[in-house]
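Below is data_1.cif, holding mmCIF, C-alpha atoms.
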data_model
#
loop_
_atom_site.label_atom_id
_atom_site.label_comp_id
_atom_site.auth_asym_id
_atom_site.auth_seq_id
_atom_site.Cartn_x
_atom_site.Cartn_y
_atom_site.Cartn_z
CA MET A 21 -8.72 -27.19 27.51
CA ASN A 22 -11.57 -24.79 28.37
CA GLY A 23 -14.85 -24.76 26.54
CA GLN A 24 -14.25 -21.63 24.45
CA LEU A 25 -10.84 -22.81 23.26
CA ALA A 26 -12.31 -26.22 22.38
CA LEU A 27 -15.08 -24.51 20.38
CA LEU A 28 -12.52 -22.37 18.58
CA ILE A 29 -10.32 -25.36 17.72
CA LEU A 30 -13.37 -27.25 16.41
CA THR A 31 -14.30 -24.21 14.29
CA LEU A 32 -10.79 -24.02 12.88
CA PHE A 33 -10.76 -27.75 12.15
CA ILE A 34 -14.01 -27.54 10.20
CA THR A 35 -12.72 -24.41 8.47
CA CYS A 36 -9.58 -26.21 7.36
CA ILE A 37 -11.55 -29.12 5.88
CA LEU A 38 -13.82 -26.70 4.02
CA ALA A 39 -10.82 -24.76 2.69
CA PHE A 40 -9.16 -27.89 1.29
CA GLY A 41 -12.46 -28.95 -0.24
CA ILE A 42 -12.99 -25.59 -1.92
CA ALA A 43 -9.41 -25.59 -3.21
CA ALA A 44 -9.82 -29.07 -4.72
CA ILE A 45 -13.14 -28.21 -6.37
CA SER A 46 -11.85 -24.92 -7.76
CA TRP A 47 -8.66 -26.51 -9.09
CA GLN A 48 -10.68 -29.19 -10.88
CA ARG A 49 -12.75 -26.45 -12.48
CA ARG A 50 -9.82 -24.21 -13.45
CA HIS A 51 -10.61 -24.83 -17.13
CA VAL A 52 -13.88 -22.90 -16.64
CA GLY A 53 -12.11 -19.56 -16.25
CA ILE A 54 -8.82 -17.95 -15.28
CA TRP A 55 -10.34 -16.83 -11.96
CA ALA A 56 -10.56 -20.42 -10.67
CA SER A 57 -6.80 -20.86 -10.21
CA PRO A 58 -6.20 -17.86 -7.89
CA PHE A 59 -9.40 -18.79 -6.05
CA ALA A 60 -8.03 -22.30 -5.44
CA LEU A 61 -4.71 -20.91 -4.24
CA LEU A 62 -6.55 -18.47 -1.98
CA SER A 63 -8.40 -21.38 -0.39
CA LEU A 64 -5.14 -23.29 0.11
CA ALA A 65 -3.59 -20.25 1.77
CA ALA A 66 -6.60 -20.01 4.09
CA ALA A 67 -6.17 -23.69 4.98
CA TRP A 68 -2.46 -23.11 5.71
CA TRP A 69 -3.23 -20.14 7.95
CA THR A 70 -5.93 -22.11 9.76
CA ILE A 71 -3.70 -25.13 10.44
CA PHE A 72 -0.82 -23.20 11.93
CA TYR A 73 -3.07 -20.77 13.78
CA THR A 74 -4.53 -23.84 15.48
CA PHE A 75 -1.01 -24.93 16.45
CA GLU A 76 -0.36 -21.43 17.79
CA LEU A 77 -3.46 -21.47 19.97
CA LEU A 78 -2.68 -24.96 21.31
CA SER A 79 0.93 -24.08 22.19
CA ALA A 80 1.56 -23.18 25.80
CA SER A 81 4.87 -21.32 25.55
CA LEU A 82 5.55 -17.95 23.95
CA ALA A 83 8.47 -19.40 21.98
CA ARG A 84 6.32 -22.04 20.28
CA LYS A 85 3.53 -19.56 19.59
CA SER A 86 6.09 -17.26 17.96
CA VAL A 87 7.31 -20.03 15.66
CA TRP A 88 3.81 -20.90 14.49
CA ALA A 89 2.97 -17.21 14.05
CA GLN A 90 5.95 -16.89 11.71
CA VAL A 91 4.86 -19.91 9.65
CA GLU A 92 1.34 -18.44 9.38
CA TYR A 93 2.78 -15.43 7.59
CA ILE A 94 3.41 -17.51 4.47
CA ALA A 95 -0.36 -17.44 4.02
CA ILE A 96 -0.96 -14.02 5.57
CA VAL A 97 1.25 -12.22 3.04
CA SER A 98 -0.14 -14.23 0.11
CA MET A 99 -3.88 -13.97 0.66
CA PRO A 100 -4.39 -10.24 -0.10
CA VAL A 101 -2.55 -10.65 -3.41
CA LEU A 102 -4.49 -13.81 -4.30
CA TRP A 103 -7.79 -12.13 -3.37
CA PHE A 104 -6.90 -9.19 -5.63
CA LEU A 105 -5.87 -11.48 -8.51
CA PHE A 106 -9.08 -13.50 -8.20
CA ALA A 107 -11.17 -10.32 -8.25
CA MET A 108 -9.30 -8.91 -11.23
CA ALA A 109 -9.58 -12.19 -13.15
CA TYR A 110 -13.28 -12.62 -12.42
CA THR A 111 -14.16 -9.05 -13.41
CA GLY A 112 -12.30 -9.25 -16.71
CA ARG A 113 -9.23 -7.17 -15.82
CA GLN A 114 -6.74 -9.62 -17.34
CA LYS A 115 -3.96 -7.02 -17.61
CA TRP A 116 -3.23 -7.62 -13.91
CA LEU A 117 -2.53 -11.30 -14.59
CA SER A 118 0.70 -10.85 -16.51
CA ARG A 119 3.76 -12.45 -14.90
CA PHE A 120 5.46 -9.09 -14.51
CA ARG A 121 2.53 -7.49 -12.68
CA ILE A 122 2.08 -10.52 -10.44
CA LEU A 123 5.78 -10.39 -9.57
CA LEU A 124 5.45 -6.70 -8.68
CA LEU A 125 2.43 -7.42 -6.49
CA PHE A 126 4.42 -10.01 -4.52
CA ILE A 127 7.47 -7.81 -3.85
CA ILE A 128 6.19 -6.33 -0.56
CA PRO A 129 4.80 -9.69 0.66
CA LEU A 130 8.14 -11.40 -0.01
CA ILE A 131 10.06 -8.68 1.80
CA THR A 132 7.59 -8.97 4.67
CA LEU A 133 8.09 -12.72 4.86
CA LEU A 134 11.85 -12.29 4.99
CA LEU A 135 11.51 -9.73 7.78
CA VAL A 136 9.16 -12.02 9.73
CA PHE A 137 11.71 -14.84 9.87
CA THR A 138 14.54 -12.44 10.77
CA ASN A 139 12.51 -10.29 13.16
CA ALA A 140 14.81 -10.96 16.14
CA SER A 141 17.57 -8.91 14.50
CA HIS A 142 15.56 -5.79 13.61
CA HIS A 143 12.02 -5.94 15.19
CA LEU A 144 10.45 -4.33 12.13
CA ILE A 145 7.48 -6.71 12.23
CA TRP A 146 7.07 -7.31 15.96
CA ALA A 147 8.64 -4.68 18.17
CA ASP A 148 7.95 -6.86 21.18
CA VAL A 149 6.11 -10.13 21.84
CA VAL A 150 4.35 -11.13 25.04
CA LEU A 151 2.00 -13.85 26.17
CA ASN A 152 -1.34 -12.32 27.08
CA VAL A 153 -2.79 -14.43 29.90
CA SER A 154 -5.51 -12.00 30.95
CA GLY A 155 -8.18 -13.75 28.89
CA ILE A 156 -9.72 -17.18 29.00
CA PHE A 157 -6.68 -18.74 27.27
CA PRO A 158 -3.14 -17.45 26.56
CA ILE A 159 -2.78 -15.47 23.34
CA PHE A 160 0.28 -14.42 21.34
CA ALA A 161 0.16 -10.63 21.68
CA PRO A 162 2.89 -8.69 19.87
CA SER A 163 3.36 -4.96 19.58
CA TYR A 164 4.05 -4.05 15.99
CA GLY A 165 6.99 -2.49 14.21
CA ALA A 166 7.15 -0.05 11.32
CA TRP A 167 7.16 -2.57 8.45
CA PHE A 168 4.12 -4.39 9.84
CA TRP A 169 2.04 -1.25 9.36
CA LEU A 170 3.39 -0.70 5.87
CA HIS A 171 2.51 -4.25 4.87
CA SER A 172 -0.90 -3.97 6.56
CA GLY A 173 -1.69 -0.84 4.57
CA TYR A 174 -0.63 -2.57 1.36
CA SER A 175 -2.74 -5.64 2.21
CA TYR A 176 -5.82 -3.57 3.02
CA LEU A 177 -5.41 -1.69 -0.26
CA LEU A 178 -5.38 -4.94 -2.24
CA LEU A 179 -8.34 -6.33 -0.30
CA LEU A 180 -10.28 -3.11 -0.79
CA CYS A 181 -9.59 -2.93 -4.53
CA GLY A 182 -10.60 -6.57 -4.96
CA THR A 183 -13.73 -6.14 -2.88
CA LEU A 184 -14.84 -3.03 -4.75
CA ALA A 185 -14.22 -4.76 -8.08
CA LEU A 186 -16.43 -7.70 -7.05
CA ILE A 187 -19.18 -5.41 -5.76
CA GLN A 188 -19.03 -3.38 -8.96
CA ALA A 189 -19.34 -6.61 -10.95
CA ALA A 190 -22.39 -7.65 -8.92
CA ILE A 191 -24.05 -4.28 -9.48
CA ARG A 192 -23.45 -4.45 -13.22
CA PHE A 193 -24.89 -7.93 -13.69
CA PRO A 194 -28.48 -7.98 -14.98
CA GLN A 195 -31.35 -8.34 -12.52
CA THR A 196 -31.83 -11.91 -13.75
CA TYR A 197 -28.66 -12.69 -11.76
CA ARG A 198 -30.10 -11.49 -8.44
CA TRP A 199 -28.89 -14.48 -6.40
CA GLN A 200 -25.50 -14.38 -8.09
CA ASN A 201 -25.23 -10.71 -7.14
CA ILE A 202 -26.12 -11.41 -3.51
CA ALA A 203 -23.61 -14.28 -3.32
CA LEU A 204 -20.84 -12.15 -4.82
CA ILE A 205 -21.40 -9.18 -2.51
CA THR A 206 -21.78 -11.39 0.57
CA GLY A 207 -18.59 -13.28 -0.23
CA ALA A 208 -16.71 -10.04 -0.73
CA LEU A 209 -17.83 -8.47 2.55
CA ILE A 210 -17.38 -11.39 4.98
CA PRO A 211 -13.59 -10.89 5.50
CA TRP A 212 -14.17 -7.21 6.29
CA LEU A 213 -16.84 -8.06 8.85
CA ALA A 214 -14.48 -10.47 10.62
CA ASN A 215 -11.75 -7.87 10.71
CA VAL A 216 -14.08 -5.28 12.23
CA VAL A 217 -15.07 -7.77 14.96
CA TYR A 218 -11.39 -8.46 15.67
CA LEU A 219 -10.45 -4.77 15.84
CA LEU A 220 -13.38 -3.96 18.16
CA ASP A 221 -12.18 -6.75 20.50
CA PHE A 222 -15.37 -7.95 22.18
CA GLY A 223 -13.33 -10.30 24.35
CA GLY A 224 -13.48 -14.05 24.81
CA ILE A 225 -13.40 -16.02 21.57
CA PHE A 226 -13.72 -12.75 19.60
CA SER A 227 -10.33 -11.58 20.90
CA VAL A 228 -8.61 -13.97 18.49
CA ASP A 229 -8.12 -13.28 14.79
CA LEU A 230 -10.85 -15.06 12.84
CA SER A 231 -9.63 -13.79 9.46
CA PRO A 232 -8.81 -17.28 8.09
CA VAL A 233 -12.28 -18.45 9.09
CA ALA A 234 -13.80 -15.41 7.36
CA PHE A 235 -11.92 -16.04 4.11
CA VAL A 236 -13.06 -19.66 4.10
CA LEU A 237 -16.67 -18.63 4.80
CA SER A 238 -16.34 -16.23 1.90
CA GLY A 239 -15.08 -19.13 -0.18
CA VAL A 240 -18.01 -21.28 0.92
CA VAL A 241 -20.46 -18.64 -0.31
CA LEU A 242 -18.72 -18.50 -3.67
CA ALA A 243 -18.34 -22.29 -3.84
CA TRP A 244 -22.05 -22.66 -3.12
CA SER A 245 -22.75 -20.43 -6.06
CA ILE A 246 -20.59 -22.68 -8.26
CA PHE A 247 -22.91 -25.62 -7.70
CA ARG A 248 -26.25 -24.00 -6.97
CA ILE A 249 -26.33 -20.88 -9.14
CA GLN A 250 -23.26 -21.41 -11.36
CA LEU A 251 -21.57 -18.11 -10.54
CA PHE A 252 -18.30 -19.20 -12.17
CA ASP A 253 -20.10 -20.25 -15.33
CA MET A 254 -21.41 -16.75 -15.89
CA VAL A 255 -20.00 -14.46 -18.52
CA PRO A 256 -17.46 -12.02 -17.01
CA VAL A 257 -18.39 -8.37 -16.76
CA ALA A 258 -16.15 -7.20 -19.58
CA ARG A 259 -17.65 -9.70 -22.02
CA ARG A 260 -21.18 -8.86 -20.87
CA VAL A 261 -20.57 -5.20 -21.70
CA VAL A 262 -19.61 -6.24 -25.23
CA VAL A 263 -22.76 -8.36 -25.52
CA ASP A 264 -24.92 -5.47 -24.34
CA SER A 265 -23.43 -3.22 -27.00
CA LEU A 266 -24.50 -5.50 -29.89
CA GLN A 267 -27.27 -4.09 -32.06
CA GLY A 268 -29.08 -7.40 -32.49
CA GLY A 269 -30.69 -9.49 -29.79
CA MET A 270 -28.51 -12.22 -28.30
CA ILE A 271 -29.05 -14.98 -25.72
CA VAL A 272 -26.18 -17.13 -24.39
CA LEU A 273 -27.26 -20.65 -23.41
CA ALA A 274 -25.40 -23.30 -21.42
CA ALA A 275 -26.15 -26.99 -20.95
CA LYS A 276 -29.80 -27.87 -20.28
CA SER A 277 -30.77 -24.58 -22.01
CA ARG A 278 -29.88 -22.51 -18.93
CA ILE A 279 -29.60 -18.83 -19.83
CA LEU A 280 -26.15 -17.44 -19.05
CA ASP A 281 -26.57 -13.96 -20.44
CA MET A 282 -28.70 -11.83 -22.71
CA ASN A 283 -28.63 -8.28 -24.07
#

In structure tokens, how does this file's structure come out?
Amino acid sequence: MNGQLALLILTLFITCILAFGIAAISWQRRHVGIWASPFALLSLAAAWWTIFYTFELLSASLARKSVWAQVEYIAIVSMPVLWFLFAMAYTGRQKWLSRFRILLLFIIPLITLLLVFTNASHHLIWADVVLNVSGIFPIFAPSYGAWFWLHSGYSYLLLLCGTLALIQAAIRFPQTYRWQNIALITGALIPWLANVVYLLDFGGIFSVDLSPVAFVLSGVVLAWSIFRIQLFDMVPVARRVVVDSLQGGMIVLAAKSRILDMN
């Protein structure tokens, strides 16, 4: 195993541990708000993607890499929806959390997953798959079919809507929440930065898809804010707007007299 591959595997291993830790912490705190549950599931999906992406990188044959790539798609198709649901829940858009809407959001991902596991008969996801050995280590390098691009567009739309909702929430929080705002915006933008690096293809270790690592780093930023600046204990945007509209002065206090919100 060459040095760059070893570094990448170590990074993925640490990422996986962090993802499981974030999922456990978030699930324990799911009583705090409805956003904690999709955030925990998002972290679990990132851990799943990381584990099987590691297996893909360590596999020598194209056939084995293809199998692991298919298993990864269970997380790949889920994460954009979970990111969107977390963003909608955190920013007070509860209408998106009905069972019917969630089912609708998962229709394209479920169809995509079915097409991934039956790709050999239609090639709608991967038109062709080859083993790229031109780099430092062999990489699974498919050319993509029509449905892959449709699902990618759908995924980017969900990620964009969720990201914009989180950034809007950060902008609308009072200036007293400066660090919370920075944490929220940083966490929202990290996955996009990783995707830009992947698309620009700088070569070497950057030629692999670091999206699962980026989502976990995003989760770390948000998890840090749970413990250090209590981001998840803050009043959601929709409720804050109601508080701001009250005629009388109001201060919301938490334990140890920490100020959560004020109008």

Box for region 74-87 of chain A - axis-aligned, 5 Å on each of the six sides, all listed atoms - centre and size in Å to one decimal, as AutoDock Vina command-line options.
--center_x 2.0 --center_y -21.1 --center_z 20.6 --size_x 23.0 --size_y 17.7 --size_z 20.3

Quiz item: Between CA of Ile191 (chain A) and CA of Leu179 (chain A), what is the distance, to one decimal in Å?
Solution: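 Pair CA of Ile191 (chain A) / CA of Leu179 (chain A) returns 18.3 Å.
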
Quiz item: Between A:Leu27, A:Gln188, A:Met99, A:Tyr93, which one has atoms that come closest to Leu133 (chain A), using all atoms listed in the file?
Solution: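 The answer is A:Tyr93, which sits nearest to Leu133 (chain A).
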
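From CA of Ile122 (chain A) back to CA of Ala65 (chain A), the distance works out to 16.6 Å.
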
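All residues that come within 10 Å of the coordinates (1.0, -21.8, 8.0), counting only C-alpha atoms, are given as Ala65, Ala66, Ala67, Trp68, Trp69, Thr70, Ile71, Phe72, Tyr73, Thr74, Phe75, Glu76, Trp88, Ala89, Gln90, Val91, Glu92, Tyr93, Ile94, Ala95 and Ile96 of chain A.
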
Exercise. Please write the residues picked by the PyMOL selection byres ((chain A and resi 160) around 9) on this file as a PyMOL selection string.
Key: chain A and resi 76-77+82+85-86+89+149-152+158-159+161-162

Counting all atoms listed in the file, which residues come within 9 Å of (-20.4, -12.5, 0.7), with the point read in the file's coordinates, and could you list them as a tab-separated table (two decimals) with C-alpha atoms, in the coordinates of the input?
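out-v3.tsv written:
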chain	number	residue	atom	x	y	z
A	202	ILE	CA	-26.12	-11.41	-3.51
A	203	ALA	CA	-23.61	-14.28	-3.32
A	204	LEU	CA	-20.84	-12.15	-4.82
A	205	ILE	CA	-21.40	-9.18	-2.51
A	206	THR	CA	-21.78	-11.39	0.57
A	207	GLY	CA	-18.59	-13.28	-0.23
A	208	ALA	CA	-16.71	-10.04	-0.73
A	209	LEU	CA	-17.83	-8.47	2.55
A	210	ILE	CA	-17.38	-11.39	4.98
A	211	PRO	CA	-13.59	-10.89	5.50
A	237	LEU	CA	-16.67	-18.63	4.80
A	238	SER	CA	-16.34	-16.23	1.90
A	239	GLY	CA	-15.08	-19.13	-0.18
A	241	VAL	CA	-20.46	-18.64	-0.31
A	242	LEU	CA	-18.72	-18.50	-3.67

Practice problem: Would you translate the PyMOL selection byres ((chain A and resi 58) around 12) into the concrete set of residues it matches in this file, as a PyMOL selection string? | Solution: chain A and resi 42-43+46-47+49-50+53-57+59-65+98-110+117+122+239
